[in-house]
>>> print(open('run.txt').read())   # compact mmCIF, C-alpha atoms
# COMPACT_ATOMS: atom_id res chain seq x y z
CA MET A 28 101.45 108.38 118.28
CA HIS A 29 98.57 106.39 119.71
CA LEU A 30 96.46 104.35 117.25
CA LEU A 31 93.12 102.68 117.95
CA TYR A 32 91.89 99.80 115.79
CA PRO A 33 88.55 97.91 115.83
CA SER A 34 88.34 94.71 117.79
CA LEU A 35 86.61 91.58 116.57
CA PRO A 36 82.89 91.73 117.45
CA TYR A 37 82.18 89.87 120.68
CA GLU A 38 85.91 89.24 121.15
CA PRO A 39 86.93 92.71 122.35
CA ARG A 40 90.54 91.82 123.14
CA THR A 41 91.15 90.49 119.60
CA ILE A 42 92.01 92.71 116.64
CA ASP A 43 89.58 92.48 113.72
CA PRO A 44 91.42 90.23 111.21
CA LEU A 45 90.92 92.68 108.35
CA TRP A 46 92.86 95.34 110.28
CA GLU A 47 95.45 92.96 111.74
CA PRO A 48 98.18 93.61 109.10
CA GLU A 49 98.20 97.36 109.76
CA TYR A 50 97.87 96.87 113.53
CA SER A 51 100.85 94.49 113.53
CA TRP A 52 102.94 96.81 111.35
CA ALA A 53 102.21 99.78 113.61
CA ALA A 54 103.02 97.85 116.77
CA ALA A 55 106.28 96.55 115.28
CA ALA A 56 107.20 100.09 114.21
CA GLY A 57 106.91 101.29 117.78
CA PHE A 58 103.53 103.02 117.72
CA ALA A 59 101.30 102.68 120.78
CA VAL A 60 98.30 100.64 119.65
CA GLY A 61 94.95 99.84 121.18
CA LEU A 62 91.55 98.33 120.44
CA PHE A 63 88.08 99.85 120.37
CA ASP A 64 85.03 97.63 120.83
CA ILE A 65 81.92 99.24 119.36
CA GLU A 66 79.65 96.67 121.02
CA THR A 67 80.65 97.48 124.60
CA ILE A 68 82.05 100.98 123.94
CA ARG A 69 85.34 100.11 125.60
CA VAL A 70 88.95 100.86 124.76
CA TRP A 71 92.04 98.76 125.58
CA THR A 72 95.22 100.69 125.00
CA GLN A 73 98.95 100.86 125.68
CA ALA A 74 98.65 104.63 126.18
CA PRO A 75 95.65 105.41 128.40
CA GLY A 76 94.72 109.07 128.38
CA ALA A 77 96.81 109.91 125.30
CA PRO A 78 94.95 111.43 122.32
CA ALA A 79 94.37 108.66 119.78
CA LEU A 80 93.97 108.39 116.05
CA TYR A 81 91.25 105.93 115.10
CA ARG A 82 91.89 103.60 112.16
CA GLY A 83 89.00 101.32 111.36
CA TRP A 84 85.52 100.89 109.95
CA MET A 85 83.32 103.85 109.14
CA LEU A 86 81.48 105.15 112.18
CA ALA A 87 78.15 106.96 112.22
CA GLU A 88 78.17 110.29 114.01
CA SER A 89 76.56 108.69 117.08
CA GLU A 90 79.24 105.98 117.16
CA TYR A 91 82.06 108.48 116.78
CA LYS A 92 80.56 110.48 119.63
CA LEU A 93 80.71 107.35 121.83
CA LEU A 94 84.35 106.76 120.88
CA GLU A 95 85.08 110.39 121.72
CA GLN A 96 83.57 109.82 125.18
CA VAL A 97 85.85 106.88 126.03
CA SER A 98 89.10 108.15 124.50
CA PRO A 99 90.56 111.58 123.73
CA LEU A 100 90.93 111.83 119.93
CA LEU A 101 93.27 113.69 117.62
CA VAL A 102 90.38 114.22 115.18
CA SER A 103 87.29 115.76 116.77
CA ARG A 104 83.81 114.64 115.82
CA GLY A 105 83.27 117.87 113.87
CA ALA A 106 86.52 117.39 111.98
CA TYR A 107 85.60 113.76 111.26
CA LEU A 108 82.26 114.77 109.76
CA SER A 109 83.87 117.56 107.72
CA SER A 110 85.73 114.91 105.72
CA HIS A 111 83.42 111.91 106.10
CA LEU A 112 80.22 113.57 104.85
CA ALA A 113 79.97 115.09 101.37
CA SER A 114 78.11 118.00 102.92
CA GLY A 115 81.22 118.67 105.02
CA TRP A 116 83.74 118.98 102.19
CA TYR A 117 82.01 119.76 98.88
CA GLU A 118 81.80 123.53 99.27
CA ALA A 119 85.49 123.77 100.17
CA ILE A 120 86.69 122.16 96.92
CA GLN A 121 83.77 122.50 94.53
CA GLU A 122 85.94 124.00 91.77
CA PHE A 123 88.09 120.84 91.75
CA THR A 124 85.31 118.23 91.61
CA PHE A 125 82.05 117.43 89.81
CA ALA A 126 79.36 120.13 89.99
CA SER A 127 76.89 118.81 92.56
CA THR A 128 73.80 119.62 94.59
CA PHE A 129 72.27 118.31 97.79
CA GLN A 130 68.59 117.51 97.58
CA PRO A 131 65.99 115.31 99.29
CA ALA A 132 65.35 111.96 97.67
CA GLY A 133 61.71 112.99 97.20
CA SER A 134 62.77 115.80 94.83
CA PRO A 135 64.33 114.10 91.78
CA PRO A 136 66.88 115.98 89.65
CA ASP A 137 66.00 117.57 86.32
CA PHE A 138 66.29 115.23 83.33
CA SER A 139 64.45 117.49 80.86
CA ALA A 140 67.53 118.15 78.69
CA GLY A 141 68.85 114.60 78.73
CA GLN A 142 71.07 115.09 81.79
CA ARG A 143 72.83 112.18 83.43
CA TYR A 144 73.76 112.15 87.13
CA PHE A 145 75.69 110.17 89.67
CA VAL A 146 73.44 109.94 92.75
CA LYS A 147 74.85 108.85 96.11
CA GLY A 148 74.34 109.28 99.81
CA LEU A 149 76.40 111.68 101.88
CA VAL A 150 78.93 108.88 102.53
CA LYS A 151 78.48 106.00 100.11
CA SER A 152 77.34 105.46 96.55
CA PHE A 153 74.73 102.93 95.50
CA GLY A 154 77.24 101.06 93.35
CA PRO A 155 76.38 100.62 89.66
CA ASP A 156 72.84 101.85 90.40
CA SER A 157 74.18 105.34 91.22
CA GLU A 158 74.38 106.36 87.57
CA VAL A 159 70.93 107.51 86.43
CA ALA A 160 69.69 109.08 83.19
CA SER A 161 65.94 109.35 83.77
CA ALA A 162 63.39 109.96 86.51
CA MET A 163 62.36 106.33 86.18
CA GLU A 164 65.92 105.10 86.81
CA CYS A 165 66.19 107.45 89.79
CA GLN A 166 62.94 106.18 91.29
CA GLU A 167 64.09 102.58 90.80
CA LEU A 168 67.34 103.36 92.61
CA LEU A 169 65.44 104.80 95.58
CA ARG A 170 63.03 101.85 95.64
CA LYS A 171 65.74 99.20 95.34
CA HIS A 172 67.86 100.69 98.12
CA GLY A 173 64.99 101.68 100.40
CA VAL A 174 65.91 105.37 100.45
CA PRO A 175 63.31 107.45 102.36
CA SER A 176 61.98 110.54 100.60
CA ASP A 177 63.45 112.92 103.18
CA GLU A 178 67.00 111.53 103.02
CA LEU A 179 69.50 114.03 101.67
CA LEU A 180 71.27 112.85 98.53
CA PHE A 181 74.44 114.06 96.83
CA VAL A 182 73.50 114.56 93.17
CA ARG A 183 76.54 114.93 90.93
CA GLN A 184 76.99 115.96 87.32
CA TYR A 185 78.07 112.93 85.30
CA ILE A 186 81.51 113.22 83.69
CA LYS A 187 83.12 110.34 81.85
CA LEU A 188 86.42 109.26 83.43
CA GLN A 189 89.40 107.42 82.02
CA PRO A 190 89.11 103.74 82.95
CA ALA A 191 91.21 102.63 85.93
CA SER A 192 92.60 106.14 86.44
CA GLU A 193 91.42 106.63 90.03
CA ARG A 194 94.08 106.81 92.75
CA ARG A 195 93.90 107.42 96.49
CA TYR A 196 95.98 110.10 98.18
CA PHE A 197 96.24 110.58 101.91
CA VAL A 198 96.53 114.16 103.12
CA VAL A 199 98.32 114.86 106.41
CA ALA A 200 98.37 118.44 107.70
CA GLY A 201 98.05 119.84 104.18
CA THR A 202 100.50 117.54 102.38
CA ALA A 203 99.25 114.87 99.96
CA TYR A 204 100.94 111.47 99.71
CA GLY A 205 100.38 108.98 96.90
CA ALA A 206 101.30 105.32 96.79
CA GLU A 207 104.88 104.65 95.64
CA GLY A 208 105.65 108.36 95.80
CA THR A 209 103.03 109.46 93.27
CA SER A 210 102.48 113.23 93.42
CA LEU A 211 99.10 114.90 93.46
CA PRO A 212 98.57 116.58 90.04
CA ASN A 213 99.65 120.22 90.09
CA GLN A 214 96.19 121.43 89.05
CA LEU A 215 94.74 120.03 92.29
CA GLN A 216 97.38 121.35 94.68
CA PRO A 217 95.27 124.43 95.60
CA ALA A 218 92.61 122.09 96.97
CA LEU A 219 94.99 121.17 99.79
CA PHE A 220 94.83 124.74 101.05
CA GLN A 221 91.04 124.60 101.00
CA LEU A 222 91.17 121.43 103.15
CA ARG A 223 93.85 122.75 105.49
CA SER A 224 91.67 122.59 108.62
CA ARG A 225 91.62 118.78 108.39
CA LEU A 226 94.49 116.91 110.03
CA PHE A 227 93.96 113.68 108.10
CA CYS A 228 91.80 113.04 105.06
CA SER A 229 91.89 111.09 101.82
CA LEU A 230 91.43 112.26 98.25
CA ASP A 231 90.29 110.00 95.44
CA VAL A 232 91.56 111.49 92.19
CA ALA A 233 90.86 110.40 88.62
CA PHE A 234 91.33 111.76 85.11
CA THR A 235 88.45 112.78 82.88
CA ALA A 236 88.17 111.38 79.37
CA ALA A 237 89.58 114.73 78.23
CA GLY A 238 92.67 114.19 80.38
CA TYR A 239 92.02 116.59 83.26
CA PRO A 240 92.58 115.53 86.88
CA ILE A 241 89.53 115.78 89.11
CA ILE A 242 88.79 115.02 92.75
CA VAL A 243 86.18 112.30 92.88
CA GLU A 244 85.61 112.59 96.60
CA VAL A 245 87.13 113.40 99.98
CA GLY A 246 87.07 110.99 102.92
CA ASP A 247 88.20 110.95 106.52
CA GLY A 248 91.63 109.33 106.55
CA GLN A 249 90.85 107.34 109.68
CA VAL A 250 88.20 105.26 107.91
CA SER A 251 89.66 105.20 104.39
CA ASP A 252 90.98 101.87 103.15
CA LEU A 253 94.34 101.56 101.45
CA LYS A 254 93.21 100.77 97.90
CA GLU A 255 96.45 100.62 95.84
CA TRP A 256 98.69 101.21 98.87
CA ASP A 257 100.48 98.36 100.65
CA VAL A 258 100.53 98.31 104.44
CA ALA A 259 104.25 98.97 104.83
CA GLY A 260 104.20 101.87 102.37
CA PHE A 261 101.21 103.40 104.13
CA GLY A 262 102.86 102.99 107.50
CA ARG A 263 106.25 104.39 106.52
CA THR A 264 104.74 107.33 104.64
CA VAL A 265 101.36 108.25 106.12
CA LEU A 266 101.49 107.03 109.72
CA SER A 267 105.00 108.45 110.09
CA ALA A 268 103.84 111.81 108.69
CA LEU A 269 100.94 111.79 111.16
CA ALA A 270 103.32 111.07 114.02
CA ASP A 271 105.49 114.02 113.00
CA ALA A 272 102.50 116.33 112.54
CA THR A 273 100.98 115.51 115.92
CA GLN A 274 104.29 115.92 117.75
CA ALA A 275 105.13 119.27 116.14
>>> encode(input="run.txt", output="structure tokens")
Amino acid sequence: MHLLYPSLPYEPRTIDPLWEPEYSWAAAAGFAVGLFDIETIRVWTQAPGAPALYRGWMLAESEYKLLEQVSPLLVSRGAYLSSHLASGWYEAIQEFTFASTFQPAGSPPDFSAGQRYFVKGLVKSFGPDSEVASAMECQELLRKHGVPSDELLFVRQYIKLQPASERRYFVVAGTAYGAEGTSLPNQLQPALFQLRSRLFCSLDVAFTAAGYPIIVEVGDGQVSDLKEWDVAGFGRTVLSALADATQA
């Protein structure tokens, strides 16, 4: 399998230090590795012309399109967005996650009955500011983060979670892998079928205060960090599964 990692800005032949451990593990394990420089839109690779799997920083749609133009990719731009953007995955698994809506920032959610929401963008949250319980708090969030009124927001029902219960699973061709062999809770297994069109995505899973597992969000596996995984475990489990899936 061919893997592309981000180069250090303005040093396009040098791996970004934050991705160096995984890059080195993959190279030592026999994977073809290469570098992608977002500044010059160039690729240096051991396997020119071979479809590549990108592993690196989040890319905007326009950036992913540029990468797609300089290297054939195992994950198409459409498939990338179907996992990377909340609007690409929510409908597929809505019964396994928080009830949510998509609405412009200029149309605040309804707080008339004392509702509380978790408000985020289509990709990232606004950190601690994302939790809002009044129109005033919502307006302050938008002001503080400079959110334009026409930007689409992902407005989620607030559900209390068990502290420190969130775990990251990587899903390869419909099979979920957890760090140190942790299995995806049985109640969430049907969600894998709903996400079956995606070669490689991540699932963040937590437990509610009542003890029920819930999917917090889906992400594209190419741009998902390891969280509780170690590099070697990720490589032996996830990268190896990807190699098998793409050679099948």
>>> residues_near_point(input="run.txt", point="(87.7, 113.5, 102.6)", cutoff="12 Å", atoms="all atoms listed in the file", output="ChimeraX atom specification")
/A:106-117,119-120,149-150,195-199,203,218-219,221-232,242-251
>>> write_last_selection(input="run.txt", atoms="C-alpha atoms", output="PDB file, in the frame of the given file")
ATOM      1  CA  ALA A 106      86.520 117.390 111.980  1.00  0.00           C
ATOM      2  CA  TYR A 107      85.600 113.760 111.260  1.00  0.00           C
ATOM      3  CA  LEU A 108      82.260 114.770 109.760  1.00  0.00           C
ATOM      4  CA  SER A 109      83.870 117.560 107.720  1.00  0.00           C
ATOM      5  CA  SER A 110      85.730 114.910 105.720  1.00  0.00           C
ATOM      6  CA  HIS A 111      83.420 111.910 106.100  1.00  0.00           C
ATOM      7  CA  LEU A 112      80.220 113.570 104.850  1.00  0.00           C
ATOM      8  CA  ALA A 113      79.970 115.090 101.370  1.00  0.00           C
ATOM      9  CA  SER A 114      78.110 118.000 102.920  1.00  0.00           C
ATOM     10  CA  GLY A 115      81.220 118.670 105.020  1.00  0.00           C
ATOM     11  CA  TRP A 116      83.740 118.980 102.190  1.00  0.00           C
ATOM     12  CA  TYR A 117      82.010 119.760  98.880  1.00  0.00           C
ATOM     13  CA  ALA A 119      85.490 123.770 100.170  1.00  0.00           C
ATOM     14  CA  ILE A 120      86.690 122.160  96.920  1.00  0.00           C
ATOM     15  CA  LEU A 149      76.400 111.680 101.880  1.00  0.00           C
ATOM     16  CA  VAL A 150      78.930 108.880 102.530  1.00  0.00           C
ATOM     17  CA  ARG A 195      93.900 107.420  96.490  1.00  0.00           C
ATOM     18  CA  TYR A 196      95.980 110.100  98.180  1.00  0.00           C
ATOM     19  CA  PHE A 197      96.240 110.580 101.910  1.00  0.00           C
ATOM     20  CA  VAL A 198      96.530 114.160 103.120  1.00  0.00           C
ATOM     21  CA  VAL A 199      98.320 114.860 106.410  1.00  0.00           C
ATOM     22  CA  ALA A 203      99.250 114.870  99.960  1.00  0.00           C
ATOM     23  CA  ALA A 218      92.610 122.090  96.970  1.00  0.00           C
ATOM     24  CA  LEU A 219      94.990 121.170  99.790  1.00  0.00           C
ATOM     25  CA  GLN A 221      91.040 124.600 101.000  1.00  0.00           C
ATOM     26  CA  LEU A 222      91.170 121.430 103.150  1.00  0.00           C
ATOM     27  CA  ARG A 223      93.850 122.750 105.490  1.00  0.00           C
ATOM     28  CA  SER A 224      91.670 122.590 108.620  1.00  0.00           C
ATOM     29  CA  ARG A 225      91.620 118.780 108.390  1.00  0.00           C
ATOM     30  CA  LEU A 226      94.490 116.910 110.030  1.00  0.00           C
ATOM     31  CA  PHE A 227      93.960 113.680 108.100  1.00  0.00           C
ATOM     32  CA  CYS A 228      91.800 113.040 105.060  1.00  0.00           C
ATOM     33  CA  SER A 229      91.890 111.090 101.820  1.00  0.00           C
ATOM     34  CA  LEU A 230      91.430 112.260  98.250  1.00  0.00           C
ATOM     35  CA  ASP A 231      90.290 110.000  95.440  1.00  0.00           C
ATOM     36  CA  VAL A 232      91.560 111.490  92.190  1.00  0.00           C
ATOM     37  CA  ILE A 242      88.790 115.020  92.750  1.00  0.00           C
ATOM     38  CA  VAL A 243      86.180 112.300  92.880  1.00  0.00           C
ATOM     39  CA  GLU A 244      85.610 112.590  96.600  1.00  0.00           C
ATOM     40  CA  VAL A 245      87.130 113.400  99.980  1.00  0.00           C
ATOM     41  CA  GLY A 246      87.070 110.990 102.920  1.00  0.00           C
ATOM     42  CA  ASP A 247      88.200 110.950 106.520  1.00  0.00           C
ATOM     43  CA  GLY A 248      91.630 109.330 106.550  1.00  0.00           C
ATOM     44  CA  GLN A 249      90.850 107.340 109.680  1.00  0.00           C
ATOM     45  CA  VAL A 250      88.200 105.260 107.910  1.00  0.00           C
ATOM     46  CA  SER A 251      89.660 105.200 104.390  1.00  0.00           C
TER      47      SER A 251
END
>>> closest_atom_pairs(input="run.txt", of="region 58-149 of chain A", to="region 167-177 of chain A", cutoff="9 Å", atoms="all atoms listed in the file", output="tab-separated table")
residue	atom	partner	partner_atom	distance
A:Gln130	CA	A:Asp177	CA	8.9
A:Pro131	CA	A:Asp177	CA	5.2
A:Ala132	CA	A:Ser176	CA	4.7
A:Gly133	CA	A:Ser176	CA	4.2
A:Ser134	CA	A:Ser176	CA	7.8
A:Val146	CA	A:Leu168	CA	9.0
>>> atom_distance(input="run.txt", atom1="CA of Gln216 (chain A)", atom2="CA of Leu180 (chain A)")
27.7 Å
>>> residues_near_point(input="run.txt", point="(105.5, 107.0, 105.1)", cutoff="10 Å", atoms="only C-alpha atoms", output="PyMOL selection string")
chain A and resi 204-208+259-269
>>> atom_distance(input="run.txt", atom1="CA of Ser51 (chain A)", atom2="CA of Met28 (chain A)")
14.7 Å
>>> residues_around(input="run.txt", residues="Gly148 (chain A)", least_positions_apart="5", cutoff="8 Å", atoms="only C-alpha atoms", output="PDB file with C-alpha atoms, keeping the file's coordinate frame")
ATOM      1  CA  PHE A 153      74.730 102.930  95.500  1.00  0.00           C
ATOM      2  CA  LEU A 179      69.500 114.030 101.670  1.00  0.00           C
ATOM      3  CA  LEU A 180      71.270 112.850  98.530  1.00  0.00           C
ATOM      4  CA  PHE A 181      74.440 114.060  96.830  1.00  0.00           C
TER       5      PHE A 181
END
>>> residues_around(input="run.txt", residues="Phe63 (chain A)", least_positions_apart="3", cutoff="7 Å", atoms="all atoms listed in the file", output="count of residues only")
7
>>> residues_around(input="run.txt", residues="region 141-145 of chain A", least_positions_apart="6", cutoff="8 Å", atoms="all atoms listed in the file", output="PDB file with C-alpha atoms, in the frame of the given file")
ATOM      1  CA  SER A 157      74.180 105.340  91.220  1.00  0.00           C
ATOM      2  CA  GLU A 158      74.380 106.360  87.570  1.00  0.00           C
ATOM      3  CA  VAL A 159      70.930 107.510  86.430  1.00  0.00           C
ATOM      4  CA  ALA A 160      69.690 109.080  83.190  1.00  0.00           C
ATOM      5  CA  SER A 161      65.940 109.350  83.770  1.00  0.00           C
ATOM      6  CA  VAL A 182      73.500 114.560  93.170  1.00  0.00           C
ATOM      7  CA  ARG A 183      76.540 114.930  90.930  1.00  0.00           C
ATOM      8  CA  GLN A 184      76.990 115.960  87.320  1.00  0.00           C
ATOM      9  CA  TYR A 185      78.070 112.930  85.300  1.00  0.00           C
TER      10      TYR A 185
END
>>> residues_around(input="run.txt", residues="Glu38 (chain A)", least_positions_apart="4", cutoff="10 Å", atoms="all atoms listed in the file", output="list in words")
Ser34, Ile42, Asp43, Asp64 and Glu66 of chain A
>>> axis_aligned_box(input="run.txt", around="region 30-44 of chain A", padding_each_side="6 Å", output="JSON")
{"center_x": 89.3, "center_y": 96.8, "center_z": 117.2, "size_x": 26.3, "size_y": 27.1, "size_z": 23.9}
>>> residues_around(input="run.txt", residues="region 100-103 of chain A", least_positions_apart="4", cutoff="6 Å", atoms="only C-alpha atoms", output="ChimeraX atom specification")
/A:78-80
>>> closest_residue(input="run.txt", among="A:Glu118, A:Glu49, A:Asp271, A:Glu95", to="Trp256 (chain A)", atoms="all atoms listed in the file")
A:Glu49
>>> build_atoms(input="run.txt", residues="region 65-99 of chain A", atoms="N, CA and C atoms", output="short mmCIF file (atom, residue, chain, number, x, y, z; two decimals), in the frame of the given file")
data_model
loop_
_atom_site.label_atom_id
_atom_site.label_comp_id
_atom_site.auth_asym_id
_atom_site.auth_seq_id
_atom_site.Cartn_x
_atom_site.Cartn_y
_atom_site.Cartn_z
N ILE A 65 83.13 98.47 119.57
CA ILE A 65 81.92 99.24 119.36
C ILE A 65 80.73 98.65 120.08
N GLU A 66 80.78 97.33 120.36
CA GLU A 66 79.65 96.67 121.02
C GLU A 66 79.54 97.08 122.49
N THR A 67 80.66 97.15 123.17
CA THR A 67 80.65 97.48 124.60
C THR A 67 81.11 98.91 124.88
N ILE A 68 81.53 99.61 123.82
CA ILE A 68 82.05 100.98 123.94
C ILE A 68 83.19 101.02 124.96
N ARG A 69 84.17 100.15 124.73
CA ARG A 69 85.34 100.11 125.60
C ARG A 69 86.61 100.19 124.78
N VAL A 70 87.65 100.71 125.40
CA VAL A 70 88.95 100.86 124.76
C VAL A 70 90.00 100.14 125.60
N TRP A 71 90.86 99.36 124.94
CA TRP A 71 92.04 98.76 125.58
C TRP A 71 93.25 99.35 124.88
N THR A 72 94.15 99.95 125.63
CA THR A 72 95.22 100.69 125.00
C THR A 72 96.52 100.62 125.79
N GLN A 73 97.63 100.79 125.06
CA GLN A 73 98.95 100.86 125.68
C GLN A 73 99.24 102.27 126.18
N ALA A 74 98.39 103.23 125.81
CA ALA A 74 98.65 104.63 126.18
C ALA A 74 97.38 105.28 126.70
N PRO A 75 96.88 104.83 127.86
CA PRO A 75 95.65 105.41 128.40
C PRO A 75 95.76 106.90 128.63
N GLY A 76 94.74 107.62 128.19
CA GLY A 76 94.72 109.07 128.38
C GLY A 76 95.39 109.86 127.28
N ALA A 77 96.14 109.20 126.41
CA ALA A 77 96.81 109.91 125.30
C ALA A 77 95.83 110.09 124.15
N PRO A 78 95.82 111.24 123.49
CA PRO A 78 94.95 111.43 122.32
C PRO A 78 95.25 110.38 121.25
N ALA A 79 94.21 109.77 120.72
CA ALA A 79 94.37 108.66 119.78
C ALA A 79 93.90 109.03 118.39
N LEU A 80 94.46 108.34 117.42
CA LEU A 80 93.97 108.39 116.05
C LEU A 80 93.26 107.08 115.80
N TYR A 81 92.00 107.13 115.42
CA TYR A 81 91.25 105.93 115.10
C TYR A 81 91.57 105.48 113.69
N ARG A 82 91.75 104.18 113.50
CA ARG A 82 91.89 103.60 112.16
C ARG A 82 91.01 102.36 112.12
N GLY A 83 89.90 102.46 111.38
CA GLY A 83 89.00 101.32 111.36
C GLY A 83 87.81 101.54 110.46
N TRP A 84 86.73 100.82 110.76
CA TRP A 84 85.52 100.89 109.95
C TRP A 84 84.87 102.26 110.08
N MET A 85 84.08 102.61 109.08
CA MET A 85 83.32 103.85 109.14
C MET A 85 82.41 103.85 110.37
N LEU A 86 82.34 104.99 111.02
CA LEU A 86 81.48 105.15 112.18
C LEU A 86 80.43 106.22 111.89
N ALA A 87 79.19 105.94 112.28
CA ALA A 87 78.15 106.96 112.22
C ALA A 87 78.49 108.05 113.23
N GLU A 88 77.88 109.20 113.09
CA GLU A 88 78.17 110.29 114.01
C GLU A 88 77.94 109.87 115.46
N SER A 89 76.86 109.13 115.71
CA SER A 89 76.56 108.69 117.08
C SER A 89 77.64 107.76 117.62
N GLU A 90 78.18 106.90 116.75
CA GLU A 90 79.24 105.98 117.16
C GLU A 90 80.54 106.72 117.43
N TYR A 91 80.84 107.70 116.57
CA TYR A 91 82.06 108.48 116.78
C TYR A 91 81.96 109.27 118.08
N LYS A 92 80.77 109.74 118.39
CA LYS A 92 80.56 110.48 119.63
C LYS A 92 80.85 109.58 120.84
N LEU A 93 80.44 108.30 120.74
CA LEU A 93 80.71 107.35 121.83
C LEU A 93 82.21 107.10 121.97
N LEU A 94 82.89 106.95 120.84
CA LEU A 94 84.35 106.76 120.88
C LEU A 94 85.01 107.97 121.53
N GLU A 95 84.53 109.16 121.19
CA GLU A 95 85.08 110.39 121.72
C GLU A 95 84.90 110.47 123.25
N GLN A 96 83.85 109.79 123.75
CA GLN A 96 83.57 109.82 125.18
C GLN A 96 84.47 108.87 125.98
N VAL A 97 85.01 107.84 125.30
CA VAL A 97 85.85 106.88 126.03
C VAL A 97 87.34 107.05 125.74
N SER A 98 87.69 107.91 124.78
CA SER A 98 89.10 108.15 124.50
C SER A 98 89.28 109.55 123.93
N PRO A 99 90.25 110.32 124.40
CA PRO A 99 90.56 111.58 123.73
C PRO A 99 91.05 111.28 122.31
#
